[in-house]
file query_33.cif (mmCIF, C-alpha atoms)
data_query
#
loop_
_atom_site.label_atom_id
_atom_site.label_comp_id
_atom_site.auth_asym_id
_atom_site.auth_seq_id
_atom_site.Cartn_x
_atom_site.Cartn_y
_atom_site.Cartn_z
CA VAL A 14 85.61 320.93 -61.24
CA LEU A 15 87.99 318.70 -59.30
CA GLN A 16 91.02 320.19 -61.08
CA THR A 17 89.89 323.66 -60.00
CA VAL A 18 88.60 323.03 -56.49
CA VAL A 19 91.05 320.48 -55.08
CA PRO A 20 94.29 322.54 -55.51
CA ILE A 21 92.57 325.42 -53.69
CA VAL A 22 91.57 323.23 -50.74
CA LEU A 23 94.70 321.05 -50.79
CA PRO A 24 97.67 322.96 -52.25
CA GLY A 25 99.99 319.95 -51.83
CA ALA A 26 97.97 317.78 -54.23
CA ARG A 27 100.13 316.31 -56.99
CA GLY A 28 99.68 314.08 -60.03
CA ASP A 29 96.35 312.88 -61.37
CA PHE A 30 94.74 313.08 -57.95
CA GLN A 31 91.25 313.37 -59.46
CA SER A 32 91.14 309.59 -59.85
CA PHE A 33 90.97 309.28 -56.05
CA PHE A 34 87.70 311.20 -56.00
CA LEU A 35 86.40 309.33 -59.04
CA GLY A 36 87.12 306.03 -57.28
CA VAL A 37 85.37 307.21 -54.12
CA ILE A 38 82.35 308.33 -56.17
CA LEU A 39 82.26 304.95 -57.94
CA ILE A 40 82.36 303.07 -54.63
CA ALA A 41 79.67 305.29 -53.09
CA MET A 42 77.39 304.85 -56.09
CA LEU A 43 77.80 301.07 -56.08
CA ILE A 44 77.06 300.92 -52.35
CA LEU A 45 74.06 303.28 -52.46
CA LEU A 46 72.67 302.25 -55.87
CA PRO A 47 73.82 298.66 -56.46
CA ARG A 48 71.23 298.14 -59.23
CA GLY A 49 72.25 301.23 -61.19
CA LEU A 50 71.07 304.80 -61.62
CA THR A 51 67.70 303.82 -63.12
CA SER A 52 66.70 301.57 -60.21
CA ARG A 53 65.17 304.52 -58.32
CA PHE A 54 63.07 305.51 -61.34
CA ALA A 55 61.94 301.92 -61.86
CA ALA A 56 60.96 301.64 -58.20
CA SER A 57 59.04 304.96 -58.26
CA GLY A 58 57.30 304.00 -61.54
CA ALA A 59 56.15 300.70 -60.11
CA MET B 22 127.11 279.01 -68.61
CA ALA B 23 127.15 282.05 -66.34
CA ALA B 24 124.47 283.68 -68.47
CA LEU B 25 122.31 280.56 -68.13
CA TRP B 26 122.44 280.71 -64.34
CA GLN B 27 121.68 284.40 -64.50
CA TYR B 28 118.55 283.73 -66.52
CA VAL B 29 117.53 280.84 -64.25
CA LEU B 30 117.96 282.93 -61.11
CA GLY B 31 116.10 285.85 -62.66
CA GLY B 32 113.24 283.55 -63.64
CA VAL B 33 113.04 282.10 -60.13
CA VAL B 34 112.96 285.61 -58.64
CA ASP B 35 110.20 286.75 -61.01
CA GLY B 36 108.20 283.56 -60.44
CA ALA B 37 108.46 283.89 -56.65
CA ILE B 38 107.24 287.51 -56.88
CA PHE B 39 104.27 286.51 -59.03
CA ALA B 40 103.46 283.65 -56.61
CA LEU B 41 103.58 286.04 -53.68
CA VAL B 42 101.15 288.45 -55.35
CA ALA B 43 98.90 285.60 -56.52
CA ALA B 44 98.70 284.23 -52.96
CA GLY B 45 96.83 287.40 -51.96
CA PHE B 46 94.38 287.02 -54.85
CA VAL B 47 93.70 283.40 -53.95
CA LEU B 48 93.33 284.07 -50.23
CA ILE B 49 90.62 286.70 -50.74
CA TYR B 50 88.81 284.66 -53.39
CA GLN B 51 88.74 281.50 -51.30
CA VAL B 52 87.36 283.29 -48.25
CA THR B 53 84.96 285.83 -49.80
CA GLY B 54 84.42 284.75 -53.42
CA ILE B 55 85.52 288.21 -54.62
CA ILE B 56 88.20 288.74 -57.27
CA ASN B 57 90.08 291.65 -55.76
CA PHE B 58 91.26 293.99 -58.52
CA ALA B 59 92.90 296.24 -55.91
CA GLN B 60 95.55 293.64 -55.03
CA GLY B 61 98.04 295.31 -57.37
CA GLU B 62 97.58 298.59 -55.54
CA PHE B 63 98.51 296.93 -52.25
CA VAL B 64 101.75 295.84 -53.92
CA MET B 65 102.29 299.41 -55.13
CA ILE B 66 101.61 300.86 -51.66
CA GLY B 67 104.15 298.49 -50.09
CA GLY B 68 106.83 299.30 -52.63
CA MET B 69 106.21 303.03 -52.64
CA THR B 70 106.08 303.30 -48.84
CA ALA B 71 109.34 301.40 -48.41
CA ALA B 72 111.06 303.34 -51.18
CA ALA B 73 109.77 306.71 -49.95
CA LEU B 74 110.82 306.03 -46.35
CA ALA B 75 114.26 304.76 -47.37
CA HIS B 76 114.86 307.31 -50.14
CA ARG B 77 113.40 310.49 -48.70
CA ARG B 78 113.61 309.94 -44.94
CA GLY B 79 116.88 307.97 -44.94
CA MET B 80 115.36 305.16 -42.88
CA PRO B 81 117.16 301.77 -42.76
CA LEU B 82 115.69 299.22 -45.11
CA ILE B 83 114.35 296.64 -42.65
CA PRO B 84 112.25 299.12 -40.55
CA ALA B 85 111.07 300.77 -43.78
CA ALA B 86 109.99 297.38 -45.14
CA ALA B 87 108.18 296.51 -41.89
CA ILE B 88 106.35 299.85 -41.91
CA ALA B 89 105.48 299.36 -45.60
CA VAL B 90 103.90 295.96 -44.89
CA LEU B 91 101.92 297.46 -41.99
CA VAL B 92 100.73 300.36 -44.18
CA SER B 93 99.60 297.89 -46.86
CA ALA B 94 97.75 295.82 -44.26
CA ALA B 95 96.05 298.98 -42.98
CA ALA B 96 95.04 299.87 -46.55
CA GLY B 97 93.52 296.40 -46.95
CA ALA B 98 91.62 296.75 -43.67
CA LEU B 99 90.27 300.17 -44.68
CA ALA B 100 89.32 298.89 -48.15
CA TYR B 101 87.27 296.13 -46.57
CA LEU B 102 85.66 298.25 -43.85
CA LEU B 103 84.83 301.26 -46.05
CA ALA B 104 84.02 299.66 -49.39
CA ILE B 105 83.34 295.91 -49.21
CA ARG B 106 81.56 295.55 -45.88
CA PRO B 107 78.88 298.23 -46.50
CA ALA B 108 77.98 296.38 -49.73
CA ARG B 109 78.09 292.88 -48.28
CA ASN B 110 74.57 292.09 -49.50
CA ALA B 111 75.33 293.17 -53.08
CA THR B 112 75.81 290.78 -55.98
CA PRO B 113 79.29 289.40 -56.76
CA LEU B 114 79.39 291.56 -59.91
CA THR B 115 78.78 294.71 -57.86
CA LEU B 116 81.47 293.70 -55.37
CA LEU B 117 83.85 293.13 -58.26
CA PHE B 118 83.22 296.66 -59.55
CA ILE B 119 83.67 298.00 -56.03
CA THR B 120 87.16 296.48 -55.96
CA LEU B 121 87.79 298.31 -59.25
CA GLY B 122 86.70 301.53 -57.51
CA VAL B 123 89.05 300.75 -54.62
CA ASP B 124 91.82 300.25 -57.20
CA VAL B 125 91.18 303.64 -58.79
CA ALA B 126 90.86 305.39 -55.43
CA LEU B 127 94.08 303.90 -54.03
CA ARG B 128 95.99 304.85 -57.19
CA GLY B 129 94.66 308.38 -56.97
CA LEU B 130 95.58 308.55 -53.28
CA ALA B 131 99.10 307.36 -54.10
CA LEU B 132 99.43 310.03 -56.80
CA PHE B 133 98.13 312.52 -54.26
CA VAL B 134 100.78 311.56 -51.70
CA TRP B 135 103.84 310.59 -53.77
CA GLY B 136 103.28 312.25 -57.14
CA THR B 137 104.28 310.71 -60.46
CA ASN B 138 108.04 310.43 -59.87
CA PRO B 139 109.45 306.90 -59.34
CA TYR B 140 111.49 306.11 -56.23
CA SER B 141 114.45 303.77 -56.07
CA LEU B 142 115.17 301.31 -53.27
CA ASN B 143 118.67 299.94 -52.67
CA ALA B 144 119.51 296.24 -52.37
CA VAL B 145 118.82 294.47 -49.09
CA SER B 146 122.34 293.78 -47.88
CA ALA B 147 125.87 293.43 -49.17
CA ALA B 148 126.17 289.97 -47.57
CA ALA B 149 123.08 288.70 -49.37
CA THR B 150 124.41 290.15 -52.60
CA ARG B 151 127.79 288.45 -52.19
CA SER B 152 126.30 285.03 -51.35
CA CYS B 153 123.93 285.32 -54.26
CA CYS B 154 126.55 286.46 -56.74
CA SER B 155 128.82 283.59 -55.80
CA ALA B 156 126.23 281.30 -57.41
CA ALA B 157 125.62 283.43 -60.47
CA ARG B 158 127.06 286.59 -61.87
CA CYS B 159 124.24 289.02 -61.96
CA ARG B 160 123.43 292.60 -61.27
CA ARG B 161 123.75 293.77 -57.68
CA ARG B 162 120.28 295.25 -57.43
CA HIS B 163 118.71 292.07 -58.76
CA CYS B 164 120.67 289.87 -56.35
CA GLY B 165 119.87 291.99 -53.34
CA CYS B 166 116.25 291.50 -54.07
CA SER B 167 116.49 287.74 -54.32
CA ALA B 168 117.25 287.33 -50.62
CA PRO B 169 113.78 288.27 -49.34
CA THR B 170 112.27 286.48 -52.31
CA CYS B 171 113.98 283.27 -51.21
CA TRP B 172 112.71 284.02 -47.72
CA SER B 173 109.26 284.52 -49.13
CA SER B 174 109.10 281.08 -50.73
CA PRO B 175 108.33 279.24 -47.46
CA ARG B 176 105.94 282.07 -46.69
CA CYS B 177 104.21 281.31 -49.95
CA THR B 178 103.95 277.68 -48.89
CA CYS B 179 102.45 278.86 -45.60
CA SER B 180 99.93 280.99 -47.42
CA CYS B 181 99.01 277.99 -49.56
CA GLY B 182 98.46 276.08 -46.32
CA ALA B 183 96.28 278.96 -45.14
CA ARG B 184 94.44 278.76 -48.44
CA ARG B 185 93.65 275.09 -47.88
CA TRP B 186 92.57 275.91 -44.36
CA ALA B 187 90.41 278.79 -45.58
CA ARG B 188 88.83 276.56 -48.23
CA ARG B 189 87.96 274.00 -45.59
CA CYS B 190 86.69 276.51 -43.03
CA ALA B 191 85.19 279.35 -45.04
CA PRO B 192 83.66 278.65 -48.44
CA PRO B 193 82.76 281.68 -50.60
CA LEU B 194 79.83 283.97 -49.95
CA ARG B 195 77.41 281.89 -51.97
CA THR B 196 77.13 279.57 -48.98
CA ARG B 197 77.03 282.28 -46.35
CA ARG B 198 73.47 281.45 -45.32
CA SER B 199 74.60 278.08 -44.04
CA HIS B 200 77.40 279.78 -42.16
CA ARG B 201 74.97 282.26 -40.67
CA ARG B 202 72.90 279.35 -39.39
CA SER B 203 75.95 277.64 -37.93
CA GLY B 204 77.18 280.89 -36.31
CA PHE B 205 80.47 280.92 -38.23
CA PRO B 206 82.16 284.40 -38.09
CA LEU B 207 82.49 284.80 -41.85
CA ARG B 208 82.83 288.60 -41.69
CA THR B 209 85.80 288.28 -39.35
CA PHE B 210 87.46 285.87 -41.77
CA ALA B 211 86.69 288.17 -44.71
CA PHE B 212 88.25 291.13 -42.85
CA TRP B 213 91.40 289.23 -41.99
CA SER B 214 91.67 287.81 -45.50
CA PHE B 215 91.86 291.38 -46.84
CA VAL B 216 94.37 292.38 -44.17
CA VAL B 217 96.64 289.36 -44.74
CA ALA B 218 96.36 289.58 -48.54
CA ALA B 219 97.26 293.27 -48.44
CA ALA B 220 100.23 292.53 -46.15
CA ILE B 221 101.42 289.80 -48.53
CA GLY B 222 101.03 292.23 -51.43
CA GLY B 223 102.96 294.89 -49.53
CA LEU B 224 105.77 292.41 -48.91
CA GLY B 225 105.76 291.66 -52.63
CA GLY B 226 106.06 295.38 -53.34
CA VAL B 227 109.04 295.69 -51.00
CA VAL B 228 110.66 292.74 -52.78
CA ILE B 229 110.04 294.17 -56.26
CA ALA B 230 111.16 297.73 -55.44
CA PRO B 231 114.94 297.08 -55.71
CA ILE B 232 114.51 295.49 -59.16
CA THR B 233 112.57 298.30 -60.78
CA SER B 234 112.04 301.75 -59.35
CA ALA B 235 108.82 301.97 -57.35
CA SER B 236 106.12 303.90 -59.16
CA THR B 237 102.44 304.66 -58.61
CA THR B 238 101.63 302.97 -61.93
CA TRP B 239 102.62 299.53 -60.60
CA GLY B 240 99.12 298.49 -59.65
#

call {"tool": "encode", "arguments": {"input": "query_33.cif", "output": "structure tokens"}}
result
Amino acid sequence: VLQTVVPIVLPGARGDFQSFFLGVILIAMLILLPRGLTSRFAASGA
Amino acid sequence: MAALWQYVLGGVVDGAIFALVAAGFVLIYQVTGIINFAQGEFVMIGGMTAAALAHRRGMPLIPAAAIAVLVSAAAGALAYLLAIRPARNATPLTLLFITLGVDVALRGLALFVWGTNPYSLNAVSAAATRSCCSAARCRRRHCGCSAPTCWSSPRCTCSCGARRWARRCAPPLRTRRSHRRSGFPLRTFAFWSFVVAAAIGGLGGVVIAPITSASTTWG
């Protein structure tokens, strides 16, 4: 998806720019869900 | 005998560069307790910025190096404000993985801006090269780099002094409750530790760039 969408929005993008978005997603997930993806399910189950 | 001096000088240059990069690691760890995996990217940003400004824009080396150090410091400040500070209550393991995310994001941003092609940076000055080569016969690009590395050695000593000071004043985050009680501005110190460590890394990148062509895979 990133390889398709990003060059349309930003034509000057070069290299393996997808890793920037992957890094941002990783940081956002660790900030919002520091105990992992299943922490929400565990909290709702309890 | 000339080859021996060449090897000795090359080893001193490489050791000084490693010490300069390690000073940034130690500074952040002593203040925040975080092992910053993005330190290598700060080095890459410094080297790539200086090389891109000097190579593509034709800027003189000293202003390009100063701008590169400032850009690295700004990257460190943004990394702390956008990634580390919002997760300040997370576990050390989570913070460690966040620095890995910062590493990946900065590398992707560098690829986005500069692409995959390496950039070359010329030696610092002809005078520095001549004075250096009078002591040992070595390659011009290598000698030109050794001048700021020699300059960086007292800086490294200063950063070690700052490390001792930081250890005395700001223990890692595991004792932050006691600092909160005493009103110690730990967040301010954590912010400035990232800024200074990134600036030191950027300086290291500027120093390394004449030896090997600057590339986004440095980090």

call {"tool": "resolve_selection", "arguments": {"input": "query_33.cif", "expression": "the PyMOL selection byres ((chain B and resi 223) around 8)", "output": "list in words"}}
result
Phe63, Val64, Met65, Ile66, Gly67, Gly68, Ala89, Val90, Val92, Ser93, Ala94, Ala219, Ala220, Ile221, Gly222, Leu224, Gly225, Gly226 and Val227 of chain B

call {"tool": "resolve_selection", "arguments": {"input": "query_33.cif", "expression": "the PyMOL selection byres ((chain B) within 10 of (chain A))", "output": "JSON, numbers by chain"}}
result
{"B": [103, 104, 105, 106, 107, 108, 109, 110, 111, 112, 114, 115, 116, 118, 119, 120, 121, 122, 123, 124, 125, 126, 127, 128, 129, 130, 131, 132, 133, 134, 135, 136, 137, 138, 237]}

call {"tool": "resolve_selection", "arguments": {"input": "query_33.cif", "expression": "the PyMOL selection byres ((chain B and resi 55) around 9)", "output": "VMD selection string"}}
result
chain B and resid 46 49 to 54 56 to 57 113 to 114 116 to 117 120 193 to 194

call {"tool": "atom_distance", "arguments": {"input": "query_33.cif", "atom1": "CA of Leu142 (chain B)", "atom2": "CA of Ala230 (chain B)"}}
result
5.8 Å
